Amino acid sequence: MSHLAKKIVGAEVGFIFFLFYRNLLMGQFTRSQHASSLLTALSDVFTPTNALIGLVGATVGYFYIEEMRKRL
């Protein structure tokens with residue numbers, strides 16, 4: 001894999017990871033009564049379990065997108 005391809009893969013996985021955490025953070029503000037500040041919401045959202053779920057989801061999403069690109 002070339003250097004540029006590795007950067008693209010990292011960017012795509014990072015973007016999916018970002019979207020996962022963005023959705024978690026938005027949900028934390030809309031569902032929780034005690035998340036009155038950004039720091040409180042961030043401490044509730046950024047946990048090792050959520051990080052693992054986000055990383056696995058981003059990796060699976062990347063491979064799914066690549067498979068769809070090959071079929072087009």
# chains A, B, ... in the order shown; residues from 1 in each chain; ligands from 1
call {"tool": "residues_around", "arguments": {"residues": "region 10-22 of chain A", "least_positions_apart": "3", "cutoff": "12 Å", "atoms": "only C-alpha atoms", "output": "mmCIF file with N, CA, C and O atoms, in the first residue's frame"}}
result
data_model
loop_
_atom_site.group_PDB
_atom_site.id
_atom_site.type_symbol
_atom_site.label_atom_id
_atom_site.label_comp_id
_atom_site.auth_asym_id
_atom_site.auth_seq_id
_atom_site.Cartn_x
_atom_site.Cartn_y
_atom_site.Cartn_z
ATOM 1 N N HIS A 3 2.054 5.290 0.332
ATOM 2 C CA HIS A 3 1.942 6.261 1.431
ATOM 3 C C HIS A 3 0.641 7.047 1.328
ATOM 4 O O HIS A 3 -0.038 7.281 2.337
ATOM 5 N N LEU A 4 0.267 7.450 0.126
ATOM 6 C CA LEU A 4 -0.967 8.202 -0.078
ATOM 7 C C LEU A 4 -2.183 7.341 0.261
ATOM 8 O O LEU A 4 -3.126 7.820 0.906
ATOM 9 N N ALA A 5 -2.159 6.087 -0.131
ATOM 10 C CA ALA A 5 -3.280 5.194 0.167
ATOM 11 C C ALA A 5 -3.444 5.006 1.677
ATOM 12 O O ALA A 5 -4.564 4.960 2.182
ATOM 13 N N LYS A 6 -2.332 4.908 2.405
ATOM 14 C CA LYS A 6 -2.409 4.765 3.860
ATOM 15 C C LYS A 6 -3.008 6.013 4.497
ATOM 16 O O LYS A 6 -3.783 5.918 5.446
ATOM 17 N N LYS A 7 -2.668 7.180 3.962
ATOM 18 C CA LYS A 7 -3.243 8.427 4.478
ATOM 19 C C LYS A 7 -4.745 8.482 4.225
ATOM 20 O O LYS A 7 -5.508 8.918 5.081
ATOM 21 N N LEU A 25 -22.215 12.254 21.317
ATOM 22 C CA LEU A 25 -22.246 13.526 22.039
ATOM 23 C C LEU A 25 -23.579 14.234 21.865
ATOM 24 O O LEU A 25 -24.148 14.757 22.830
ATOM 25 N N MET A 26 -24.108 14.224 20.651
ATOM 26 C CA MET A 26 -25.414 14.851 20.424
ATOM 27 C C MET A 26 -26.509 14.125 21.199
ATOM 28 O O MET A 26 -27.387 14.752 21.791
ATOM 29 N N GLY A 27 -26.436 12.808 21.234
ATOM 30 C CA GLY A 27 -27.414 12.035 21.991
ATOM 31 C C GLY A 27 -27.307 12.292 23.481
ATOM 32 O O GLY A 27 -28.314 12.306 24.190
ATOM 33 N N GLN A 28 -26.093 12.492 23.969
ATOM 34 C CA GLN A 28 -25.887 12.770 25.384
ATOM 35 C C GLN A 28 -26.565 14.075 25.784
ATOM 36 O O GLN A 28 -27.155 14.178 26.853
ATOM 37 N N PHE A 29 -26.509 15.076 24.920
ATOM 38 C CA PHE A 29 -27.140 16.360 25.228
ATOM 39 C C PHE A 29 -28.663 16.285 25.133
ATOM 40 O O PHE A 29 -29.355 16.944 25.885
ATOM 41 N N ALA A 41 -20.686 16.202 29.364
ATOM 42 C CA ALA A 41 -21.057 15.312 28.261
ATOM 43 C C ALA A 41 -19.838 14.574 27.720
ATOM 44 O O ALA A 41 -19.914 13.377 27.435
ATOM 45 N N LEU A 42 -18.718 15.278 27.585
ATOM 46 C CA LEU A 42 -17.504 14.630 27.088
ATOM 47 C C LEU A 42 -17.029 13.530 28.021
ATOM 48 O O LEU A 42 -16.604 12.465 27.566
ATOM 49 N N ASP A 44 -18.865 11.715 29.912
ATOM 50 C CA ASP A 44 -19.798 10.596 29.791
ATOM 51 C C ASP A 44 -19.604 9.824 28.487
ATOM 52 O O ASP A 44 -19.866 8.629 28.424
ATOM 53 N N VAL A 45 -19.156 10.503 27.444
ATOM 54 C CA VAL A 45 -19.067 9.902 26.117
ATOM 55 C C VAL A 45 -17.719 9.228 25.870
ATOM 56 O O VAL A 45 -17.659 8.136 25.313
ATOM 57 N N PHE A 46 -16.628 9.856 26.267
ATOM 58 C CA PHE A 46 -15.293 9.316 25.972
ATOM 59 C C PHE A 46 -14.881 8.298 27.027
ATOM 60 O O PHE A 46 -14.240 8.617 28.011
ATOM 61 N N THR A 47 -15.276 7.052 26.779
ATOM 62 C CA THR A 47 -14.923 5.947 27.655
ATOM 63 C C THR A 47 -14.176 4.904 26.835
ATOM 64 O O THR A 47 -14.289 4.886 25.596
ATOM 65 N N ASN A 50 -16.628 2.919 24.589
ATOM 66 C CA ASN A 50 -17.073 3.661 23.406
ATOM 67 C C ASN A 50 -15.955 3.784 22.379
ATOM 68 O O ASN A 50 -16.209 3.739 21.173
ATOM 69 N N ALA A 51 -14.720 3.943 22.834
ATOM 70 C CA ALA A 51 -13.595 4.029 21.910
ATOM 71 C C ALA A 51 -13.433 2.729 21.133
ATOM 72 O O ALA A 51 -13.198 2.742 19.918
ATOM 73 N N LEU A 52 -13.564 1.606 21.815
ATOM 74 C CA LEU A 52 -13.456 0.314 21.147
ATOM 75 C C LEU A 52 -14.590 0.115 20.147
ATOM 76 O O LEU A 52 -14.360 -0.315 19.012
ATOM 77 N N ILE A 53 -15.800 0.450 20.544
ATOM 78 C CA ILE A 53 -16.947 0.337 19.643
ATOM 79 C C ILE A 53 -16.751 1.236 18.420
ATOM 80 O O ILE A 53 -17.004 0.829 17.285
ATOM 81 N N GLY A 54 -16.290 2.455 18.640
ATOM 82 C CA GLY A 54 -16.055 3.377 17.529
ATOM 83 C C GLY A 54 -14.985 2.889 16.582
ATOM 84 O O GLY A 54 -15.126 2.980 15.361
ATOM 85 N N LEU A 55 -13.900 2.353 17.126
ATOM 86 C CA LEU A 55 -12.814 1.857 16.282
ATOM 87 C C LEU A 55 -13.245 0.637 15.465
ATOM 88 O O LEU A 55 -12.964 0.554 14.269
ATOM 89 N N VAL A 56 -13.938 -0.286 16.095
ATOM 90 C CA VAL A 56 -14.426 -1.471 15.369
ATOM 91 C C VAL A 56 -15.438 -1.054 14.307
ATOM 92 O O VAL A 56 -15.372 -1.505 13.158
ATOM 93 N N GLY A 57 -16.349 -0.162 14.677
ATOM 94 C CA GLY A 57 -17.338 0.309 13.712
ATOM 95 C C GLY A 57 -16.720 1.049 12.545
ATOM 96 O O GLY A 57 -17.129 0.879 11.395
ATOM 97 N N ALA A 58 -15.710 1.861 12.819
ATOM 98 C CA ALA A 58 -15.031 2.597 11.748
ATOM 99 C C ALA A 58 -14.290 1.649 10.820
ATOM 100 O O ALA A 58 -14.300 1.832 9.598
ATOM 101 N N THR A 59 -13.669 0.623 11.382
ATOM 102 C CA THR A 59 -12.940 -0.346 10.555
ATOM 103 C C THR A 59 -13.897 -1.156 9.685
ATOM 104 O O THR A 59 -13.661 -1.332 8.491
ATOM 105 N N VAL A 60 -14.983 -1.619 10.279
ATOM 106 C CA VAL A 60 -15.983 -2.367 9.507
ATOM 107 C C VAL A 60 -16.582 -1.463 8.429
ATOM 108 O O VAL A 60 -16.760 -1.886 7.273
ATOM 109 N N GLY A 61 -16.892 -0.229 8.785
ATOM 110 C CA GLY A 61 -17.434 0.719 7.814
ATOM 111 C C GLY A 61 -16.490 0.974 6.665
ATOM 112 O O GLY A 61 -16.908 1.056 5.509
ATOM 113 N N TYR A 62 -15.198 1.073 6.961
ATOM 114 C CA TYR A 62 -14.210 1.297 5.904
ATOM 115 C C TYR A 62 -14.210 0.125 4.922
ATOM 116 O O TYR A 62 -14.247 0.326 3.707
ATOM 117 N N PHE A 63 -14.163 -1.101 5.449
ATOM 118 C CA PHE A 63 -14.127 -2.267 4.559
ATOM 119 C C PHE A 63 -15.422 -2.408 3.767
ATOM 120 O O PHE A 63 -15.406 -2.811 2.605
ATOM 121 N N TYR A 64 -16.544 -2.051 4.370
ATOM 122 C CA TYR A 64 -17.818 -2.086 3.657
ATOM 123 C C TYR A 64 -17.815 -1.072 2.510
ATOM 124 O O TYR A 64 -18.227 -1.387 1.393
ATOM 125 N N ILE A 65 -17.362 0.139 2.781
ATOM 126 C CA ILE A 65 -17.304 1.168 1.740
ATOM 127 C C ILE A 65 -16.361 0.746 0.613
ATOM 128 O O ILE A 65 -16.662 0.930 -0.572
ATOM 129 N N GLU A 66 -15.220 0.168 0.965
ATOM 130 C CA GLU A 66 -14.280 -0.292 -0.068
ATOM 131 C C GLU A 66 -14.898 -1.386 -0.933
ATOM 132 O O GLU A 66 -14.684 -1.420 -2.141
#
call {"tool": "select_by_dssp", "arguments": {"residues": "chain A", "states": "helix (DSSP H, G or I)", "output": "PDB file with N, CA and C atoms, in the first residue's frame"}}
result
ATOM      1  N   HIS A   3       2.054   5.290   0.332  1.00  0.00           N
ATOM      2  CA  HIS A   3       1.942   6.261   1.431  1.00  0.00           C
ATOM      3  C   HIS A   3       0.641   7.047   1.328  1.00  0.00           C
ATOM      4  N   LEU A   4       0.267   7.450   0.126  1.00  0.00           N
ATOM      5  CA  LEU A   4      -0.967   8.202  -0.078  1.00  0.00           C
ATOM      6  C   LEU A   4      -2.183   7.341   0.261  1.00  0.00           C
ATOM      7  N   ALA A   5      -2.159   6.087  -0.131  1.00  0.00           N
ATOM      8  CA  ALA A   5      -3.280   5.194   0.167  1.00  0.00           C
ATOM      9  C   ALA A   5      -3.444   5.006   1.677  1.00  0.00           C
ATOM     10  N   LYS A   6      -2.332   4.908   2.405  1.00  0.00           N
ATOM     11  CA  LYS A   6      -2.409   4.765   3.860  1.00  0.00           C
ATOM     12  C   LYS A   6      -3.008   6.013   4.497  1.00  0.00           C
ATOM     13  N   LYS A   7      -2.668   7.180   3.962  1.00  0.00           N
ATOM     14  CA  LYS A   7      -3.243   8.427   4.478  1.00  0.00           C
ATOM     15  C   LYS A   7      -4.745   8.482   4.225  1.00  0.00           C
ATOM     16  N   ILE A   8      -5.158   8.035   3.060  1.00  0.00           N
ATOM     17  CA  ILE A   8      -6.582   8.043   2.719  1.00  0.00           C
ATOM     18  C   ILE A   8      -7.351   7.084   3.620  1.00  0.00           C
ATOM     19  N   VAL A   9      -6.791   5.886   3.847  1.00  0.00           N
ATOM     20  CA  VAL A   9      -7.430   4.919   4.731  1.00  0.00           C
ATOM     21  C   VAL A   9      -7.561   5.517   6.133  1.00  0.00           C
ATOM     22  N   GLY A  10      -6.500   6.126   6.625  1.00  0.00           N
ATOM     23  CA  GLY A  10      -6.538   6.745   7.953  1.00  0.00           C
ATOM     24  C   GLY A  10      -7.571   7.847   8.029  1.00  0.00           C
ATOM     25  N   ALA A  11      -7.687   8.638   6.980  1.00  0.00           N
ATOM     26  CA  ALA A  11      -8.660   9.730   6.961  1.00  0.00           C
ATOM     27  C   ALA A  11     -10.088   9.193   6.950  1.00  0.00           C
ATOM     28  N   GLU A  12     -10.333   8.143   6.180  1.00  0.00           N
ATOM     29  CA  GLU A  12     -11.676   7.580   6.107  1.00  0.00           C
ATOM     30  C   GLU A  12     -12.082   6.939   7.430  1.00  0.00           C
ATOM     31  N   VAL A  13     -11.188   6.168   8.021  1.00  0.00           N
ATOM     32  CA  VAL A  13     -11.487   5.544   9.311  1.00  0.00           C
ATOM     33  C   VAL A  13     -11.654   6.631  10.376  1.00  0.00           C
ATOM     34  N   GLY A  14     -10.807   7.641  10.346  1.00  0.00           N
ATOM     35  CA  GLY A  14     -10.921   8.742  11.298  1.00  0.00           C
ATOM     36  C   GLY A  14     -12.231   9.493  11.152  1.00  0.00           C
ATOM     37  N   PHE A  15     -12.696   9.671   9.929  1.00  0.00           N
ATOM     38  CA  PHE A  15     -13.954  10.378   9.705  1.00  0.00           C
ATOM     39  C   PHE A  15     -15.135   9.570  10.236  1.00  0.00           C
ATOM     40  N   ILE A  16     -15.143   8.267   9.995  1.00  0.00           N
ATOM     41  CA  ILE A  16     -16.214   7.414  10.519  1.00  0.00           C
ATOM     42  C   ILE A  16     -16.187   7.434  12.046  1.00  0.00           C
ATOM     43  N   PHE A  17     -14.987   7.393  12.624  1.00  0.00           N
ATOM     44  CA  PHE A  17     -14.814   7.454  14.077  1.00  0.00           C
ATOM     45  C   PHE A  17     -15.355   8.777  14.616  1.00  0.00           C
ATOM     46  N   PHE A  18     -15.062   9.868  13.919  1.00  0.00           N
ATOM     47  CA  PHE A  18     -15.568  11.188  14.298  1.00  0.00           C
ATOM     48  C   PHE A  18     -17.094  11.216  14.272  1.00  0.00           C
ATOM     49  N   LEU A  19     -17.691  10.658  13.230  1.00  0.00           N
ATOM     50  CA  LEU A  19     -19.146  10.648  13.139  1.00  0.00           C
ATOM     51  C   LEU A  19     -19.774   9.853  14.277  1.00  0.00           C
ATOM     52  N   PHE A  20     -19.145   8.749  14.658  1.00  0.00           N
ATOM     53  CA  PHE A  20     -19.641   7.951  15.775  1.00  0.00           C
ATOM     54  C   PHE A  20     -19.667   8.782  17.057  1.00  0.00           C
ATOM     55  N   TYR A  21     -18.551   9.441  17.358  1.00  0.00           N
ATOM     56  CA  TYR A  21     -18.487  10.241  18.577  1.00  0.00           C
ATOM     57  C   TYR A  21     -19.384  11.471  18.515  1.00  0.00           C
ATOM     58  N   ARG A  22     -19.556  12.035  17.355  1.00  0.00           N
ATOM     59  CA  ARG A  22     -20.452  13.181  17.212  1.00  0.00           C
ATOM     60  C   ARG A  22     -21.882  12.763  17.541  1.00  0.00           C
ATOM     61  N   ASN A  23     -22.287  11.609  17.042  1.00  0.00           N
ATOM     62  CA  ASN A  23     -23.633  11.120  17.343  1.00  0.00           C
ATOM     63  C   ASN A  23     -23.793  10.813  18.826  1.00  0.00           C
ATOM     64  N   LEU A  24     -22.776  10.222  19.446  1.00  0.00           N
ATOM     65  CA  LEU A  24     -22.848   9.966  20.885  1.00  0.00           C
ATOM     66  C   LEU A  24     -22.997  11.260  21.674  1.00  0.00           C
ATOM     67  N   LEU A  25     -22.215  12.254  21.317  1.00  0.00           N
ATOM     68  CA  LEU A  25     -22.246  13.526  22.039  1.00  0.00           C
ATOM     69  C   LEU A  25     -23.579  14.234  21.865  1.00  0.00           C
ATOM     70  N   MET A  26     -24.108  14.224  20.651  1.00  0.00           N
ATOM     71  CA  MET A  26     -25.414  14.851  20.424  1.00  0.00           C
ATOM     72  C   MET A  26     -26.509  14.125  21.199  1.00  0.00           C
ATOM     73  N   GLY A  27     -26.436  12.808  21.234  1.00  0.00           N
ATOM     74  CA  GLY A  27     -27.414  12.035  21.991  1.00  0.00           C
ATOM     75  C   GLY A  27     -27.307  12.292  23.481  1.00  0.00           C
ATOM     76  N   GLN A  28     -26.093  12.492  23.969  1.00  0.00           N
ATOM     77  CA  GLN A  28     -25.887  12.770  25.384  1.00  0.00           C
ATOM     78  C   GLN A  28     -26.565  14.075  25.784  1.00  0.00           C
ATOM     79  N   PHE A  29     -26.509  15.076  24.920  1.00  0.00           N
ATOM     80  CA  PHE A  29     -27.140  16.360  25.228  1.00  0.00           C
ATOM     81  C   PHE A  29     -28.663  16.285  25.133  1.00  0.00           C
ATOM     82  N   THR A  30     -29.189  15.485  24.228  1.00  0.00           N
ATOM     83  CA  THR A  30     -30.641  15.454  24.046  1.00  0.00           C
ATOM     84  C   THR A  30     -31.334  14.511  25.014  1.00  0.00           C
ATOM     85  N   ARG A  31     -30.682  13.443  25.462  1.00  0.00           N
ATOM     86  CA  ARG A  31     -31.325  12.462  26.328  1.00  0.00           C
ATOM     87  C   ARG A  31     -31.065  12.681  27.809  1.00  0.00           C
ATOM     88  N   LEU A  38     -20.520  20.995  28.325  1.00  0.00           N
ATOM     89  CA  LEU A  38     -19.759  20.205  27.358  1.00  0.00           C
ATOM     90  C   LEU A  38     -18.805  19.259  28.058  1.00  0.00           C
ATOM     91  N   LEU A  39     -18.157  19.707  29.127  1.00  0.00           N
ATOM     92  CA  LEU A  39     -17.227  18.844  29.855  1.00  0.00           C
ATOM     93  C   LEU A  39     -17.924  17.631  30.467  1.00  0.00           C
ATOM     94  N   THR A  40     -19.101  17.831  31.005  1.00  0.00           N
ATOM     95  CA  THR A  40     -19.857  16.713  31.575  1.00  0.00           C
ATOM     96  C   THR A  40     -20.220  15.711  30.494  1.00  0.00           C
ATOM     97  N   ALA A  41     -20.686  16.202  29.364  1.00  0.00           N
ATOM     98  CA  ALA A  41     -21.057  15.312  28.261  1.00  0.00           C
ATOM     99  C   ALA A  41     -19.838  14.574  27.720  1.00  0.00           C
ATOM    100  N   LEU A  42     -18.718  15.278  27.585  1.00  0.00           N
ATOM    101  CA  LEU A  42     -17.504  14.630  27.088  1.00  0.00           C
ATOM    102  C   LEU A  42     -17.029  13.530  28.021  1.00  0.00           C
ATOM    103  N   SER A  43     -17.117  13.762  29.329  1.00  0.00           N
ATOM    104  CA  SER A  43     -16.672  12.731  30.274  1.00  0.00           C
ATOM    105  C   SER A  43     -17.597  11.521  30.240  1.00  0.00           C
ATOM    106  N   ASP A  44     -18.865  11.715  29.912  1.00  0.00           N
ATOM    107  CA  ASP A  44     -19.798  10.596  29.791  1.00  0.00           C
ATOM    108  C   ASP A  44     -19.604   9.824  28.487  1.00  0.00           C
ATOM    109  N   VAL A  45     -19.156  10.503  27.444  1.00  0.00           N
ATOM    110  CA  VAL A  45     -19.067   9.902  26.117  1.00  0.00           C
ATOM    111  C   VAL A  45     -17.719   9.228  25.870  1.00  0.00           C
ATOM    112  N   PRO A  48     -13.419   4.023  27.472  1.00  0.00           N
ATOM    113  CA  PRO A  48     -12.722   2.971  26.709  1.00  0.00           C
ATOM    114  C   PRO A  48     -13.676   2.082  25.910  1.00  0.00           C
ATOM    115  N   THR A  49     -14.834   1.795  26.469  1.00  0.00           N
ATOM    116  CA  THR A  49     -15.804   0.956  25.752  1.00  0.00           C
ATOM    117  C   THR A  49     -16.289   1.646  24.484  1.00  0.00           C
ATOM    118  N   ASN A  50     -16.628   2.919  24.589  1.00  0.00           N
ATOM    119  CA  ASN A  50     -17.073   3.661  23.406  1.00  0.00           C
ATOM    120  C   ASN A  50     -15.955   3.784  22.379  1.00  0.00           C
ATOM    121  N   ALA A  51     -14.720   3.943  22.834  1.00  0.00           N
ATOM    122  CA  ALA A  51     -13.595   4.029  21.910  1.00  0.00           C
ATOM    123  C   ALA A  51     -13.433   2.729  21.133  1.00  0.00           C
ATOM    124  N   LEU A  52     -13.564   1.606  21.815  1.00  0.00           N
ATOM    125  CA  LEU A  52     -13.456   0.314  21.147  1.00  0.00           C
ATOM    126  C   LEU A  52     -14.590   0.115  20.147  1.00  0.00           C
ATOM    127  N   ILE A  53     -15.800   0.450  20.544  1.00  0.00           N
ATOM    128  CA  ILE A  53     -16.947   0.337  19.643  1.00  0.00           C
ATOM    129  C   ILE A  53     -16.751   1.236  18.420  1.00  0.00           C
ATOM    130  N   GLY A  54     -16.290   2.455  18.640  1.00  0.00           N
ATOM    131  CA  GLY A  54     -16.055   3.377  17.529  1.00  0.00           C
ATOM    132  C   GLY A  54     -14.985   2.889  16.582  1.00  0.00           C
ATOM    133  N   LEU A  55     -13.900   2.353  17.126  1.00  0.00           N
ATOM    134  CA  LEU A  55     -12.814   1.857  16.282  1.00  0.00           C
ATOM    135  C   LEU A  55     -13.245   0.637  15.465  1.00  0.00           C
ATOM    136  N   VAL A  56     -13.938  -0.286  16.095  1.00  0.00           N
ATOM    137  CA  VAL A  56     -14.426  -1.471  15.369  1.00  0.00           C
ATOM    138  C   VAL A  56     -15.438  -1.054  14.307  1.00  0.00           C
ATOM    139  N   GLY A  57     -16.349  -0.162  14.677  1.00  0.00           N
ATOM    140  CA  GLY A  57     -17.338   0.309  13.712  1.00  0.00           C
ATOM    141  C   GLY A  57     -16.720   1.049  12.545  1.00  0.00           C
ATOM    142  N   ALA A  58     -15.710   1.861  12.819  1.00  0.00           N
ATOM    143  CA  ALA A  58     -15.031   2.597  11.748  1.00  0.00           C
ATOM    144  C   ALA A  58     -14.290   1.649  10.820  1.00  0.00           C
ATOM    145  N   THR A  59     -13.669   0.623  11.382  1.00  0.00           N
ATOM    146  CA  THR A  59     -12.940  -0.346  10.555  1.00  0.00           C
ATOM    147  C   THR A  59     -13.897  -1.156   9.685  1.00  0.00           C
ATOM    148  N   VAL A  60     -14.983  -1.619  10.279  1.00  0.00           N
ATOM    149  CA  VAL A  60     -15.983  -2.367   9.507  1.00  0.00           C
ATOM    150  C   VAL A  60     -16.582  -1.463   8.429  1.00  0.00           C
ATOM    151  N   GLY A  61     -16.892  -0.229   8.785  1.00  0.00           N
ATOM    152  CA  GLY A  61     -17.434   0.719   7.814  1.00  0.00           C
ATOM    153  C   GLY A  61     -16.490   0.974   6.665  1.00  0.00           C
ATOM    154  N   TYR A  62     -15.198   1.073   6.961  1.00  0.00           N
ATOM    155  CA  TYR A  62     -14.210   1.297   5.904  1.00  0.00           C
ATOM    156  C   TYR A  62     -14.210   0.125   4.922  1.00  0.00           C
ATOM    157  N   PHE A  63     -14.163  -1.101   5.449  1.00  0.00           N
ATOM    158  CA  PHE A  63     -14.127  -2.267   4.559  1.00  0.00           C
ATOM    159  C   PHE A  63     -15.422  -2.408   3.767  1.00  0.00           C
ATOM    160  N   TYR A  64     -16.544  -2.051   4.370  1.00  0.00           N
ATOM    161  CA  TYR A  64     -17.818  -2.086   3.657  1.00  0.00           C
ATOM    162  C   TYR A  64     -17.815  -1.072   2.510  1.00  0.00           C
ATOM    163  N   ILE A  65     -17.362   0.139   2.781  1.00  0.00           N
ATOM    164  CA  ILE A  65     -17.304   1.168   1.740  1.00  0.00           C
ATOM    165  C   ILE A  65     -16.361   0.746   0.613  1.00  0.00           C
ATOM    166  N   GLU A  66     -15.220   0.168   0.965  1.00  0.00           N
ATOM    167  CA  GLU A  66     -14.280  -0.292  -0.068  1.00  0.00           C
ATOM    168  C   GLU A  66     -14.898  -1.386  -0.933  1.00  0.00           C
ATOM    169  N   GLU A  67     -15.644  -2.290  -0.323  1.00  0.00           N
ATOM    170  CA  GLU A  67     -16.300  -3.344  -1.084  1.00  0.00           C
ATOM    171  C   GLU A  67     -17.332  -2.754  -2.034  1.00  0.00           C
ATOM    172  N   MET A  68     -18.072  -1.753  -1.587  1.00  0.00           N
ATOM    173  CA  MET A  68     -19.055  -1.100  -2.452  1.00  0.00           C
ATOM    174  C   MET A  68     -18.360  -0.358  -3.600  1.00  0.00           C
ATOM    175  N   ARG A  69     -17.203   0.242  -3.343  1.00  0.00           N
ATOM    176  CA  ARG A  69     -16.464   0.929  -4.411  1.00  0.00           C
ATOM    177  C   ARG A  69     -16.006  -0.057  -5.479  1.00  0.00           C
ATOM    178  N   LYS A  70     -15.580  -1.246  -5.060  1.00  0.00           N
ATOM    179  CA  LYS A  70     -15.127  -2.253  -6.015  1.00  0.00           C
ATOM    180  C   LYS A  70     -16.261  -2.739  -6.911  1.00  0.00           C
ATOM    181  N   ARG A  71     -17.463  -2.787  -6.365  1.00  0.00           N
ATOM    182  CA  ARG A  71     -18.607  -3.280  -7.124  1.00  0.00           C
ATOM    183  C   ARG A  71     -19.142  -2.244  -8.098  1.00  0.00           C
TER     184      ARG A  71
END
